[in-house]
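Source file: final_9.tsv; contents: TSV, C-alpha atoms and all ligand atoms.
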```
chain	number	residue	atom	x	y	z
G	145	MET	CA	63.95	140.21	137.23
G	146	ASN	CA	64.44	136.49	136.58
G	147	ALA	CA	64.30	135.56	132.91
G	148	GLY	CA	63.68	131.86	133.54
G	149	LYS	CA	65.57	128.62	133.87
G	150	LEU	CA	68.40	127.89	131.47
G	151	ALA	CA	70.13	124.50	131.40
G	152	LEU	CA	73.82	124.34	130.53
G	153	VAL	CA	75.28	121.01	129.45
G	154	ALA	CA	78.59	120.28	127.72
G	155	HIS	CA	80.40	117.11	126.85
G	156	ASP	CA	84.00	116.87	128.05
G	157	ALA	CA	85.55	117.98	124.75
G	158	CYS	CA	83.26	121.02	124.78
G	159	LYS	CA	83.54	122.13	128.41
G	160	GLU	CA	86.17	124.76	127.68
G	161	LYS	CA	83.93	126.16	124.96
G	162	MET	CA	81.08	126.36	127.51
G	163	VAL	CA	83.30	128.18	130.03
G	164	GLU	CA	84.36	130.65	127.31
G	165	TRP	CA	80.74	131.18	126.29
G	166	ALA	CA	79.62	131.79	129.88
G	167	GLY	CA	82.55	134.16	130.38
G	168	ARG	CA	81.39	136.25	127.43
G	169	HIS	CA	77.96	136.67	129.03
G	170	GLY	CA	78.86	137.03	132.72
G	171	ASP	CA	76.36	139.51	134.09
G	172	ARG	CA	73.61	138.55	131.65
G	173	LEU	CA	73.66	135.02	133.07
G	174	LYS	CA	72.82	136.44	136.52
G	175	LYS	CA	69.35	137.17	135.14
G	176	VAL	CA	68.51	133.49	134.63
G	177	THR	CA	68.47	130.51	136.95
G	178	ILE	CA	71.24	128.22	135.75
G	179	ILE	CA	70.61	124.49	135.89
G	180	ALA	CA	73.52	122.26	134.86
G	181	THR	CA	74.61	118.67	134.70
G	182	GLY	CA	77.15	117.81	137.41
G	183	THR	CA	80.53	118.30	135.82
G	184	THR	CA	79.49	121.17	133.56
G	185	GLY	CA	77.99	122.94	136.58
G	186	GLY	CA	81.18	122.39	138.55
G	187	ARG	CA	83.25	124.02	135.82
G	188	ILE	CA	80.88	126.99	135.67
G	189	SER	CA	80.91	127.43	139.45
G	190	GLU	CA	84.68	127.24	139.81
G	191	ASN	CA	85.22	129.76	137.01
G	192	PHE	CA	82.36	132.09	137.95
G	193	PRO	CA	81.79	131.81	141.72
G	194	ASP	CA	79.27	134.66	141.69
G	195	LEU	CA	76.85	132.75	139.46
G	196	ASP	CA	74.25	130.58	141.20
G	197	VAL	CA	74.22	127.13	139.64
G	198	VAL	CA	71.80	124.32	140.45
G	199	ARG	CA	73.85	121.17	139.84
G	200	LEU	CA	72.09	117.97	138.87
G	201	LYS	CA	73.68	114.55	138.44
G	202	SER	CA	76.44	114.10	135.91
G	203	GLY	CA	75.11	113.41	132.42
G	204	PRO	CA	76.07	109.74	132.20
G	205	LEU	CA	74.60	109.15	135.69
G	206	GLY	CA	71.15	110.54	134.90
G	207	GLY	CA	71.69	114.30	134.61
G	208	ASP	CA	70.51	114.42	131.00
G	209	GLN	CA	67.36	112.57	132.03
G	210	GLN	CA	66.75	114.95	134.93
G	211	ILE	CA	66.86	117.86	132.47
G	212	GLY	CA	64.58	115.93	130.12
G	213	ALA	CA	62.07	115.51	132.95
G	214	MET	CA	62.15	119.26	133.62
G	215	ILE	CA	61.34	119.87	129.95
G	216	ALA	CA	58.47	117.37	130.00
G	217	GLU	CA	57.06	119.05	133.11
G	218	GLY	CA	57.25	122.53	131.58
G	219	ASN	CA	59.86	123.52	134.12
G	220	LEU	CA	62.67	124.74	131.85
G	221	ASP	CA	62.89	127.73	129.50
G	222	GLY	CA	66.00	127.02	127.45
G	223	LEU	CA	68.76	124.48	126.87
G	224	ILE	CA	72.33	125.07	125.80
G	225	PHE	CA	73.86	121.71	125.02
G	226	PHE	CA	77.35	121.63	123.52
G	227	VAL	CA	77.38	118.12	122.11
G	228	ASP	CA	80.62	116.41	121.10
G	229	PRO	CA	79.83	114.93	117.69
G	230	LEU	CA	83.12	113.05	117.40
G	231	SER	CA	83.21	110.78	120.47
G	232	PRO	CA	81.15	107.70	121.24
G	233	MET	CA	79.19	108.15	124.50
G	234	PRO	CA	78.06	105.39	126.86
G	235	HIS	CA	74.90	107.44	127.47
G	236	ASP	CA	74.20	108.23	123.83
G	237	VAL	CA	70.55	107.25	124.27
G	238	ASP	CA	70.19	109.85	127.05
G	239	VAL	CA	71.71	112.53	124.82
G	240	LYS	CA	69.28	111.65	122.07
G	241	ALA	CA	66.33	111.56	124.48
G	242	LEU	CA	67.21	115.00	125.81
G	243	THR	CA	67.49	116.65	122.40
G	244	ARG	CA	64.33	114.83	121.29
G	245	LEU	CA	62.29	116.20	124.20
G	246	ALA	CA	63.59	119.72	123.54
G	247	ILE	CA	62.24	119.37	119.99
G	248	VAL	CA	58.94	117.77	121.10
G	249	TYR	CA	58.25	120.67	123.48
G	250	ASP	CA	59.65	123.39	121.19
G	251	LEU	CA	62.12	124.41	123.88
G	252	PRO	CA	64.70	126.96	122.68
G	253	MET	CA	67.86	124.82	122.33
G	254	ALA	CA	71.35	125.66	121.14
G	255	CYS	CA	74.21	123.33	120.37
G	256	SER	CA	76.88	125.89	119.46
G	257	PRO	CA	78.13	129.20	120.90
G	258	SER	CA	76.53	131.40	118.24
G	259	THR	CA	73.11	129.79	118.61
G	260	ALA	CA	73.56	129.89	122.40
G	261	ASP	CA	73.88	133.68	122.06
G	262	ALA	CA	70.53	133.66	120.29
G	263	VAL	CA	68.83	131.51	122.97
G	264	LEU	CA	70.07	133.77	125.76
G	265	ASP	CA	68.89	136.86	123.84
G	266	TYR	CA	65.50	135.17	123.42
G	267	LEU	CA	65.17	134.46	127.16
G	268	LEU	CA	66.24	137.95	128.20
G	269	ASP	CA	64.08	139.71	125.63
G	270	PRO	CA	61.33	137.36	124.43
G	271	PRO	CA	59.43	138.31	121.28
G	272	ALA	CA	55.99	139.77	121.94
L	301	LIG	O1	77.33	114.02	129.71
L	301	LIG	C1	76.82	115.11	129.65
L	301	LIG	C2	75.75	115.40	128.69
L	301	LIG	O2	75.35	114.29	127.93
L	301	LIG	C3	77.27	116.20	130.53
L	301	LIG	O3	77.42	115.74	131.84
L	301	LIG	P1	78.50	116.41	132.78
L	301	LIG	O4	78.22	117.88	132.79
L	301	LIG	O5	78.29	115.79	134.12
L	301	LIG	O6	79.85	116.09	132.18
```
Go ahead and express the file in the form of structure tokens.
Ligand SMILES: O=C(CO)COP(=O)(O)O
Amino acid sequence: MNAGKLALVAHDACKEKMVEWAGRHGDRLKKVTIIATGTTGGRISENFPDLDVVRLKSGPLGGDQQIGAMIAEGNLDGLIFFVDPLSPMPHDVDVKALTRLAIVYDLPMACSPSTADAVLDYLLDPPA
């Protein structure tokens, strides 16, 4: 059974946290289709070679916007986005646009490991 498409995105300061989070869920992540921005997806693939990861462009090169387009087209089921709140980003507008679209479309979104647990639970066992 495939429980839908889940996007994984992490800023550089948060990539280790994303790898740790994915490592805690291992087999459960095999039940979703993982979509990721370029560098985040690379880190997931190198650490967990048995997970299938669809890698988009890197965030600053349009990856955030690609994920935003998937949301707008109803083509994504959840977003886990570990945002670095302490560093200025050249693509800050893209980050804001992505989180804004997740809110507009009421897409389950998590920005921390504990809420990411909740989003994955929701995808694997949606409420009736
Ligand atoms: O910049 C990002 C999200 O805004 C993430 O992109 P990368 O996964 O390519 O580092």
Residue with smallest distance to Lys161 in chain G - pool G:Asn146, G:Arg187, G:Pro271, G:Leu195, counting only C-alpha atoms: G:Arg187
Between G:Gly206, G:Pro257, G:Gly170, G:Pro252, which has the minimum distance to Phe226 in chain G (counting only C-alpha atoms)?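 Closest to Phe226 in chain G, using only C-alpha atoms: G:Pro257.
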Counting all atoms listed in the file, which residues in chain G sit no more than 6 Å from ligand LIG 301 (chain L)? For each one, give the nearest pair of atoms and the distance in Å, sorted by chain then residue number, as a tab-separated table.
```
residue	atom	partner	partner_atom	distance
G:Val153	CA	L:LIG301	C3	5.3
G:Ala154	CA	L:LIG301	C3	5.1
G:His155	CA	L:LIG301	C3	4.9
G:Asp156	CA	L:LIG301	O6	5.9
G:Thr181	CA	L:LIG301	O4	4.2
G:Gly182	CA	L:LIG301	O5	4.0
G:Thr183	CA	L:LIG301	O5	3.8
G:Thr184	CA	L:LIG301	O4	3.6
G:Ser202	CA	L:LIG301	O5	3.1
G:Gly203	CA	L:LIG301	O3	3.3
G:Pro204	CA	L:LIG301	O1	5.1
G:Asp208	CA	L:LIG301	O2	5.7
G:Val239	CA	L:LIG301	O2	5.1
```
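Taking all atoms listed in the file into account, Met214 in chain G lies nearest to G:Tyr249 out of the set G:Tyr249, G:Asp261, G:Trp165, G:Leu173.
You will find CA of Pro270 in chain G at 20.9 Å from CA of Ala216 in chain G.
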Using only C-alpha atoms, which of the listed residues (G:Leu267, G:Leu223, G:Leu205, G:Val163) sits closest to Ala151 in chain G?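 The shortest atom-to-atom distance to Ala151 in chain G comes from G:Leu223.
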Between G:Ala147, G:Leu200, G:Leu242, G:Val237, smallest distance to Ile179 in chain G by all atoms listed in the file belongs to G:Leu200
For Ser258 in chain G, which residue among G:Ile224, G:Cys158, G:Val197, G:Leu152 is the nearest when counting all atoms listed in the file? G:Ile224
One decimal place gives the CA of Lys175 in chain G-CA of Ser189 in chain G separation as 15.7 Å
What does the distance between CA of Arg172 in chain G and CA of Ala272 in chain G come to in Å, to one decimal place? 20.2 Å
Neighbours of Asp171 in chain G within 12 Å (all atoms listed in the file; same-chain residues fewer than 6 positions away dropped), as an MDAnalysis selection string? chainID G and resid 192 194:196 264 268
